[in-house]
file work08.txt (compact mmCIF, C-alpha atoms)
# COMPACT_ATOMS: atom_id res chain seq x y z
CA MET S 1 129.02 138.54 -90.28
CA ASP S 2 132.65 138.48 -91.25
CA GLU S 3 135.73 138.57 -89.09
CA LYS S 4 136.21 142.33 -89.14
CA LYS S 5 132.64 143.04 -88.17
CA TYR S 6 132.86 140.62 -85.28
CA ALA S 7 136.09 142.20 -84.05
CA LYS S 8 134.46 145.61 -84.14
CA LEU S 9 131.40 144.33 -82.28
CA GLU S 10 133.55 142.75 -79.64
CA LYS S 11 135.57 145.93 -79.24
CA ASP S 12 132.43 148.01 -78.84
CA THR S 13 130.70 145.78 -76.30
CA SER S 14 133.59 144.70 -74.09
CA PRO S 15 134.53 147.15 -71.32
CA LYS S 16 137.60 149.28 -71.96
CA THR S 17 140.78 148.23 -70.18
CA PRO S 18 141.85 150.95 -67.76
CA LEU S 19 145.46 150.76 -68.91
CA MET S 20 146.80 153.80 -67.06
CA ARG S 21 145.10 152.80 -63.82
CA ASN S 22 146.45 149.25 -64.08
CA MET S 23 149.95 150.52 -64.70
CA ILE S 24 149.85 152.88 -61.73
CA PHE S 25 148.53 150.16 -59.43
CA ALA S 26 151.14 147.70 -60.68
CA PHE S 27 153.86 150.29 -60.11
CA LEU S 28 152.69 151.02 -56.58
CA THR S 29 152.28 147.34 -55.64
CA GLY S 30 155.62 146.25 -57.08
CA GLY S 31 157.30 149.28 -55.53
CA THR S 32 155.84 148.49 -52.11
CA ILE S 33 157.04 144.87 -52.30
CA CYS S 34 160.51 146.06 -53.26
CA LEU S 35 160.46 148.61 -50.43
CA VAL S 36 159.70 145.83 -47.95
CA GLY S 37 162.52 143.81 -49.51
CA GLN S 38 164.88 146.76 -49.10
CA PHE S 39 164.01 146.99 -45.41
CA VAL S 40 164.58 143.24 -44.97
CA SER S 41 167.94 143.58 -46.69
CA LEU S 42 168.81 146.53 -44.44
CA PHE S 43 167.80 144.46 -41.41
CA TYR S 44 170.19 141.68 -42.41
CA MET S 45 172.99 144.18 -42.99
CA THR S 46 172.47 145.97 -39.68
CA TYR S 47 172.09 142.99 -37.36
CA PHE S 48 174.11 140.29 -39.11
CA ASP S 49 177.44 140.07 -40.92
CA PHE S 50 176.01 140.40 -44.42
CA THR S 51 177.25 142.89 -46.98
CA GLU S 52 175.07 144.47 -49.64
CA ARG S 53 176.06 141.69 -52.01
CA THR S 54 175.63 138.74 -49.68
CA ALA S 55 172.41 140.01 -48.08
CA SER S 56 170.45 139.27 -51.26
CA ASN S 57 170.13 135.53 -50.63
CA PRO S 58 168.54 135.68 -47.15
CA THR S 59 166.39 138.59 -48.35
CA VAL S 60 164.97 136.51 -51.18
CA ALA S 61 164.29 133.64 -48.79
CA THR S 62 162.52 135.98 -46.36
CA MET S 63 160.39 137.54 -49.08
CA ILE S 64 159.31 134.07 -50.24
CA PHE S 65 158.47 133.26 -46.63
CA PHE S 66 156.24 136.35 -46.44
CA ALA S 67 154.61 135.36 -49.74
CA MET S 68 154.00 131.88 -48.31
CA LEU S 69 152.19 133.29 -45.27
CA LEU S 70 150.12 135.68 -47.40
CA THR S 71 149.21 132.90 -49.85
CA GLY S 72 148.22 130.56 -47.05
CA PHE S 73 145.95 133.16 -45.46
CA GLY S 74 144.41 133.99 -48.86
CA LEU S 75 145.67 137.56 -48.89
CA TYR S 76 148.06 137.32 -51.83
CA LYS S 77 145.27 136.83 -54.34
CA LYS S 78 143.75 140.10 -53.18
CA ILE S 79 147.10 141.82 -53.69
CA GLY S 80 147.28 140.16 -57.10
CA GLN S 81 143.84 141.44 -58.05
CA PHE S 82 144.81 144.95 -57.05
CA GLY S 83 148.35 145.05 -58.37
CA GLY S 84 148.37 142.68 -61.34
CA ALA S 85 151.86 142.33 -62.76
CA GLY S 86 153.27 144.39 -59.89
CA SER S 87 152.65 141.45 -57.60
CA ALA S 88 153.66 138.77 -60.12
CA VAL S 89 157.04 140.03 -61.28
CA PRO S 90 158.93 140.21 -57.93
CA ILE S 91 160.11 136.99 -56.29
CA THR S 92 156.94 136.92 -54.17
CA GLY S 93 154.88 136.18 -57.29
CA PHE S 94 157.10 133.20 -58.03
CA GLY S 95 156.71 132.02 -54.43
CA ASN S 96 152.96 132.42 -54.70
CA ALA S 97 152.84 130.31 -57.88
CA VAL S 98 154.75 127.44 -56.20
CA ILE S 99 152.94 127.59 -52.88
CA SER S 100 149.41 127.90 -54.21
CA ALA S 101 149.99 124.84 -56.41
CA ALA S 102 151.33 122.94 -53.40
CA ILE S 103 148.29 123.90 -51.28
CA GLU S 104 145.87 123.00 -54.07
CA HIS S 105 147.19 119.45 -54.50
CA LYS S 106 147.74 118.66 -50.82
CA SER S 107 144.64 116.44 -50.71
CA GLU S 108 146.27 114.03 -53.18
CA GLY S 109 149.06 113.16 -50.78
CA TYR S 110 152.49 114.51 -50.07
CA VAL S 111 154.52 112.69 -52.72
CA LEU S 112 152.21 112.40 -55.73
CA GLY S 113 150.15 115.45 -54.81
CA VAL S 114 152.38 118.15 -53.36
CA GLY S 115 155.69 116.85 -54.70
CA GLY S 116 154.40 116.05 -58.16
CA ASN S 117 152.40 119.22 -58.72
CA MET S 118 154.29 121.87 -56.78
CA PHE S 119 156.36 122.98 -59.78
CA LYS S 120 153.54 122.76 -62.32
CA LEU S 121 153.26 126.53 -62.65
CA ALA S 122 156.70 127.83 -61.72
CA GLY S 123 158.93 124.88 -62.55
CA SER S 124 159.69 126.26 -65.98
CA VAL S 125 161.16 129.37 -64.33
CA ILE S 126 163.63 127.25 -62.36
CA LEU S 127 164.43 125.15 -65.41
CA PHE S 128 165.07 128.21 -67.55
CA GLY S 129 167.17 129.79 -64.79
CA VAL S 130 169.37 126.75 -64.32
CA PHE S 131 169.73 126.11 -68.03
CA SER S 132 170.54 129.71 -68.98
CA ALA S 133 173.04 129.93 -66.10
CA PHE S 134 174.66 126.75 -67.43
CA VAL S 135 174.87 128.15 -70.98
CA VAL S 136 176.28 131.49 -69.84
CA ALA S 137 178.86 129.80 -67.61
CA LEU S 138 179.83 127.51 -70.48
CA ILE S 139 180.38 130.44 -72.84
CA LYS S 140 182.36 132.33 -70.23
CA THR S 141 184.52 129.28 -69.46
CA ILE S 142 185.31 128.82 -73.14
CA LEU S 143 186.18 132.51 -73.53
CA VAL S 144 188.44 132.39 -70.47
CA LYS S 145 190.19 129.26 -71.74
CA LEU S 146 190.74 130.95 -75.09
CA GLY S 147 192.18 133.95 -73.28
CA VAL S 148 189.67 136.51 -74.58
CA VAL S 149 188.47 137.64 -71.15
CA SER S 150 189.50 137.01 -67.56
CA TRP S 151 187.28 135.98 -64.63
CA MET D 1 117.47 155.96 -34.20
CA ASN D 2 118.80 159.46 -34.36
CA LYS D 3 122.05 158.34 -32.74
CA VAL D 4 122.56 155.64 -35.36
CA THR D 5 122.17 158.05 -38.27
CA TYR D 6 124.50 160.49 -36.55
CA GLU D 7 127.16 157.81 -36.13
CA LYS D 8 126.71 156.72 -39.71
CA ALA D 9 127.25 160.25 -40.92
CA TYR D 10 130.34 160.52 -38.71
CA CYS D 11 131.72 157.26 -40.14
CA ILE D 12 131.19 158.45 -43.70
CA LYS D 13 132.82 161.77 -42.90
CA MET D 14 135.85 160.20 -41.22
CA GLU D 15 136.22 157.36 -43.71
CA GLY D 16 139.85 156.88 -44.62
CA THR D 17 141.20 159.96 -42.84
CA HIS D 18 143.21 158.01 -40.28
CA ILE D 19 144.87 155.83 -42.85
CA ARG D 20 145.49 158.90 -44.99
CA LYS D 21 147.18 160.67 -42.10
CA LEU D 22 149.22 157.58 -41.27
CA SER D 23 150.33 157.10 -44.87
CA LEU D 24 151.30 160.77 -45.04
CA VAL D 25 153.51 160.39 -41.96
CA ILE D 26 155.15 157.24 -43.35
CA PHE D 27 155.70 158.93 -46.68
CA ALA D 28 157.32 161.94 -45.00
CA VAL D 29 159.61 159.70 -42.94
CA ILE D 30 160.73 157.82 -46.04
CA ILE D 31 161.37 161.02 -47.98
CA LEU D 32 163.22 162.73 -45.13
CA SER D 33 165.37 159.68 -44.39
CA GLY D 34 167.24 160.49 -47.59
CA CYS D 35 168.49 163.72 -46.02
CA SER D 36 171.18 162.10 -43.90
CA GLY D 37 174.77 162.05 -44.99
CA SER D 38 177.94 162.50 -43.06
CA GLY D 39 180.29 163.76 -45.76
CA PHE D 40 183.98 163.00 -45.69
CA ARG D 41 185.59 161.63 -42.54
CA ILE D 42 189.18 160.58 -42.02
CA ASP D 43 190.60 158.84 -38.99
CA ASN D 44 194.37 158.81 -38.79
CA ASN D 45 196.30 156.88 -36.15
CA SER D 46 199.45 156.35 -38.14
CA SER D 47 202.29 158.65 -39.17
CA GLU D 48 201.05 158.84 -42.77
CA ASN D 49 200.03 162.10 -44.37
CA GLN D 50 196.29 162.06 -44.99
CA ALA D 51 196.21 165.00 -47.41
CA LYS D 52 196.65 162.85 -50.52
CA ALA D 53 193.73 160.59 -49.68
CA GLU D 54 191.57 163.59 -48.86
CA GLU D 55 192.40 165.13 -52.22
CA VAL D 56 191.61 161.96 -54.17
CA LEU D 57 188.27 161.42 -52.45
CA LYS D 58 187.07 165.02 -52.38
CA ASN D 59 187.85 165.62 -56.05
CA ASP D 60 185.76 162.66 -57.20
CA LYS D 61 182.37 164.04 -58.23
CA ARG D 62 180.67 160.65 -58.06
CA LEU D 63 181.07 160.22 -54.32
CA THR D 64 178.56 161.51 -51.80
CA SER D 65 180.55 160.51 -48.73
CA ALA D 66 183.71 158.68 -47.78
CA VAL D 67 184.98 157.21 -44.54
CA THR D 68 188.69 156.50 -44.35
CA THR D 69 190.85 155.03 -41.65
CA PHE D 70 194.62 154.66 -41.44
CA HIS D 71 195.69 151.89 -39.10
CA GLU D 72 199.22 150.48 -38.96
CA ASN D 73 199.86 149.49 -42.59
CA ASN D 74 196.18 149.40 -43.57
CA LEU D 75 194.28 152.05 -45.46
CA LEU D 76 190.59 151.22 -45.53
CA THR D 77 188.06 153.41 -47.36
CA ALA D 78 184.31 153.01 -47.56
CA VAL D 79 182.43 155.27 -49.95
CA THR D 80 178.82 155.93 -50.86
CA LEU D 81 178.03 156.82 -54.45
CA LYS D 82 175.49 158.94 -56.26
CA THR D 83 172.45 156.96 -57.33
CA PHE D 84 173.31 156.41 -60.97
CA SER D 85 177.01 155.84 -60.30
CA ARG D 86 176.01 152.83 -58.23
CA PHE D 87 175.68 150.86 -61.45
CA LYS D 88 179.44 151.26 -61.95
CA LYS D 89 180.32 150.36 -58.37
CA VAL D 90 183.03 147.80 -59.11
CA LYS D 91 184.75 150.01 -61.66
CA ILE D 92 184.79 153.03 -59.36
CA GLU D 93 186.16 150.89 -56.50
CA LYS D 94 189.00 149.78 -58.74
CA GLU D 95 189.78 153.31 -59.93
CA LEU D 96 189.87 154.71 -56.41
CA LYS D 97 192.04 151.84 -55.25
CA GLU D 98 194.57 152.51 -57.99
CA LYS D 99 194.64 156.23 -57.21
CA LEU D 100 195.15 155.62 -53.50
CA GLU D 101 197.83 153.02 -54.15
CA ASN D 102 199.71 155.58 -56.21
CA GLY D 103 199.57 157.99 -53.27
CA TYR D 104 200.50 155.38 -50.64
CA PRO D 105 202.60 152.66 -52.29
CA GLU D 106 203.70 151.12 -48.99
CA LEU D 107 200.21 150.72 -47.53
CA ASP D 108 197.70 147.92 -47.96
CA VAL D 109 194.78 149.75 -49.62
CA THR D 110 191.20 148.48 -49.54
CA VAL D 111 188.28 150.36 -51.09
CA SER D 112 184.64 149.35 -50.80
CA ALA D 113 181.40 150.94 -51.99
CA ASP D 114 179.28 148.56 -49.90
CA SER D 115 176.89 150.25 -47.49
CA LYS D 116 177.52 147.57 -44.85
CA ILE D 117 181.22 148.40 -44.82
CA TRP D 118 180.34 152.10 -44.72
CA MET D 119 178.13 151.52 -41.67
CA GLU D 120 180.78 149.49 -39.87
CA MET D 121 183.49 152.02 -40.67
CA ASN D 122 181.45 154.81 -39.12
CA LYS D 123 181.08 152.69 -35.98
CA LEU D 124 184.79 151.94 -36.04
CA ILE D 125 185.78 155.59 -36.19
CA ASP D 126 183.47 156.49 -33.33
CA LEU D 127 185.14 153.84 -31.19
CA LYS D 128 187.09 155.30 -28.26
CA ASP D 129 189.89 152.76 -27.70
CA ASN D 130 192.21 151.58 -30.43
CA LYS D 131 192.81 148.16 -28.88
CA ASP D 132 190.61 145.96 -31.10
CA LYS D 133 190.79 148.19 -34.14
CA GLY D 134 193.28 146.00 -35.99
CA LYS D 135 191.16 142.92 -35.44
CA LYS D 136 188.00 144.70 -36.60
CA ILE D 137 189.72 146.00 -39.72
CA GLU D 138 190.87 142.48 -40.58
CA LYS D 139 187.30 141.27 -40.10
CA LEU D 140 185.96 143.96 -42.42
CA LYS D 141 188.53 143.09 -45.04
CA SER D 142 187.49 139.44 -44.97
CA LEU D 143 183.84 140.56 -45.19
CA ILE D 144 184.59 142.52 -48.37
CA LYS D 145 186.17 139.46 -49.96
CA GLU D 146 183.23 137.21 -49.14
CA GLU D 147 181.26 136.09 -52.20
CA THR D 148 178.30 134.04 -50.98
call {"tool": "encode", "arguments": {"input": "work08.txt", "output": "structure tokens"}}
result
Amino acid sequence: MDEKKYAKLEKDTSPKTPLMRNMIFAFLTGGTICLVGQFVSLFYMTYFDFTERTASNPTVATMIFFAMLLTGFGLYKKIGQFGGAGSAVPITGFGNAVISAAIEHKSEGYVLGVGGNMFKLAGSVILFGVFSAFVVALIKTILVKLGVVSW
Amino acid sequence: MNKVTYEKAYCIKMEGTHIRKLSLVIFAVIILSGCSGSGFRIDNNSSENQAKAEEVLKNDKRLTSAVTTFHENNLLTAVTLKTFSRFKKVKIEKELKEKLENGYPELDVTVSADSKIWMEMNKLIDLKDNKDKGKKIEKLKSLIKEET
């Protein structure tokens, strides 16, 4: 049996991925999370002195808080099974990755367990974010100093 | 025994209807909530002529509504934009500000496309007494400038 034959066999026997169904579910799940986020943002704008621009920070924090509660009660994995990427791409998916790692390693202690393993899954996201922000700011600073663009 | 089978049949028949009804109601509320819009409002307490501002705002096709107030030497405008114009929010703010400054060179013009400012401006216009208006306008202006 050569490689091509095996690939064909595998393709025939493995169940077909319901691509359209997955996409629709991901769309609905991600859309629902964003709808909740929009309501949270609206709440901060209505009852506190936040503008559309400044309301984003407390909104993100609140959404991560919701994700924390759902992860702790074991509900977020059900949402993840249903929605796939729709539940992983918004900030709640990032929160889930951090929090589930923290919960998993709690038995090893707070410093070496939770502290050491919390960012195992999602630490690269933070690292990339900080580093790319640094690079972009550096480029912009140089361009401003050269007089190409203004702030 | 008969009762149990009857209830089972009822459960199967009614399965999911309540949640379907509820989701339909929620869906309708969300869809219909887009139908509100108050158009163009102008509140003028000063001696300035408001026609120029009205012309500038009403002729801009990208705006869905605008709330304007003249108070002492302040001209504060909050606008809401069409969905796809929202991507060019900052640019449109700048353009409108320039246009209004041309019309009223002696006034301190502020334009914002932020929905928070729009909300507060509507509240401000509905206010009966003009006593705290100056203070509130200053507060809004500082809110627009806030970055974090």
call {"tool": "closest_atom_pairs", "arguments": {"input": "work08.txt", "of": "chain S", "to": "chain D", "cutoff": "8 Å", "atoms": "only C-alpha atoms", "output": "CSV"}}
result
residue,atom,partner,partner_atom,distance
S:Met45,CA,D:Lys116,CA,6.0
S:Thr46,CA,D:Lys116,CA,7.4
S:Asp49,CA,D:Leu143,CA,7.7
S:Phe50,CA,D:Lys116,CA,7.3
S:Thr51,CA,D:Lys116,CA,5.1
S:Glu52,CA,D:Asp114,CA,5.9
S:Arg53,CA,D:Glu147,CA,7.6
S:Thr54,CA,D:Thr148,CA,5.6
call {"tool": "atom_distance", "arguments": {"input": "work08.txt", "atom1": "CA of Lys140 (chain S)", "atom2": "CA of Val90 (chain D)"}}
result
19.1 Å
call {"tool": "atom_distance", "arguments": {"input": "work08.txt", "atom1": "CA of Lys128 (chain D)", "atom2": "CA of Leu42 (chain S)"}}
result
25.9 Å
call {"tool": "atom_distance", "arguments": {"input": "work08.txt", "atom1": "CA of Thr62 (chain S)", "atom2": "CA of Ser41 (chain S)"}}
result
9.3 Å
call {"tool": "residues_around", "arguments": {"input": "work08.txt", "residues": "region 17-29 of chain S", "least_positions_apart": "2", "cutoff": "7 Å", "atoms": "all atoms listed in the file", "output": "list of chain:residue names"}}
result
S:Pro15, S:Gly31, S:Thr32, S:Ile33, S:Phe82, S:Gly83, S:Gly84, S:Ala85, S:Gly86, S:Ser87
call {"tool": "closest_residue", "arguments": {"input": "work08.txt", "among": "D:Ala51, D:Val111, D:Ala9, D:Leu100", "to": "Val79 (chain D)", "atoms": "only C-alpha atoms"}}
result
D:Val111
call {"tool": "residues_around", "arguments": {"input": "work08.txt", "residues": "region 105-107 of chain D", "least_positions_apart": "3", "cutoff": "6 Å", "atoms": "all atoms listed in the file", "output": "ChimeraX atom specification"}}
result
/D:73-74,101-102
call {"tool": "closest_residue", "arguments": {"input": "work08.txt", "among": "S:Ser100, S:Ser14, S:Ser150, S:Gln81", "to": "Met118 (chain S)", "atoms": "only C-alpha atoms"}}
result
S:Ser100
call {"tool": "residues_near_point", "arguments": {"input": "work08.txt", "point": "(168.7, 139.3, -51.8)", "cutoff": "10 Å", "atoms": "only C-alpha atoms", "output": "PDB file with C-alpha atoms, in the coordinates of the input"}}
result
ATOM      1  CA  GLY S  37     162.520 143.810 -49.510  1.00  0.00           C
ATOM      2  CA  GLN S  38     164.880 146.760 -49.100  1.00  0.00           C
ATOM      3  CA  VAL S  40     164.580 143.240 -44.970  1.00  0.00           C
ATOM      4  CA  SER S  41     167.940 143.580 -46.690  1.00  0.00           C
ATOM      5  CA  TYR S  44     170.190 141.680 -42.410  1.00  0.00           C
ATOM      6  CA  GLU S  52     175.070 144.470 -49.640  1.00  0.00           C
ATOM      7  CA  ARG S  53     176.060 141.690 -52.010  1.00  0.00           C
ATOM      8  CA  THR S  54     175.630 138.740 -49.680  1.00  0.00           C
ATOM      9  CA  ALA S  55     172.410 140.010 -48.080  1.00  0.00           C
ATOM     10  CA  SER S  56     170.450 139.270 -51.260  1.00  0.00           C
ATOM     11  CA  ASN S  57     170.130 135.530 -50.630  1.00  0.00           C
ATOM     12  CA  PRO S  58     168.540 135.680 -47.150  1.00  0.00           C
ATOM     13  CA  THR S  59     166.390 138.590 -48.350  1.00  0.00           C
ATOM     14  CA  VAL S  60     164.970 136.510 -51.180  1.00  0.00           C
ATOM     15  CA  ALA S  61     164.290 133.640 -48.790  1.00  0.00           C
ATOM     16  CA  THR S  62     162.520 135.980 -46.360  1.00  0.00           C
ATOM     17  CA  MET S  63     160.390 137.540 -49.080  1.00  0.00           C
ATOM     18  CA  ILE S  91     160.110 136.990 -56.290  1.00  0.00           C
TER      19      ILE S  91
END
call {"tool": "closest_residue", "arguments": {"input": "work08.txt", "among": "S:Ile99, S:Thr13, S:Phe134, S:Lys5", "to": "Asn117 (chain S)", "atoms": "all atoms listed in the file"}}
result
S:Ile99
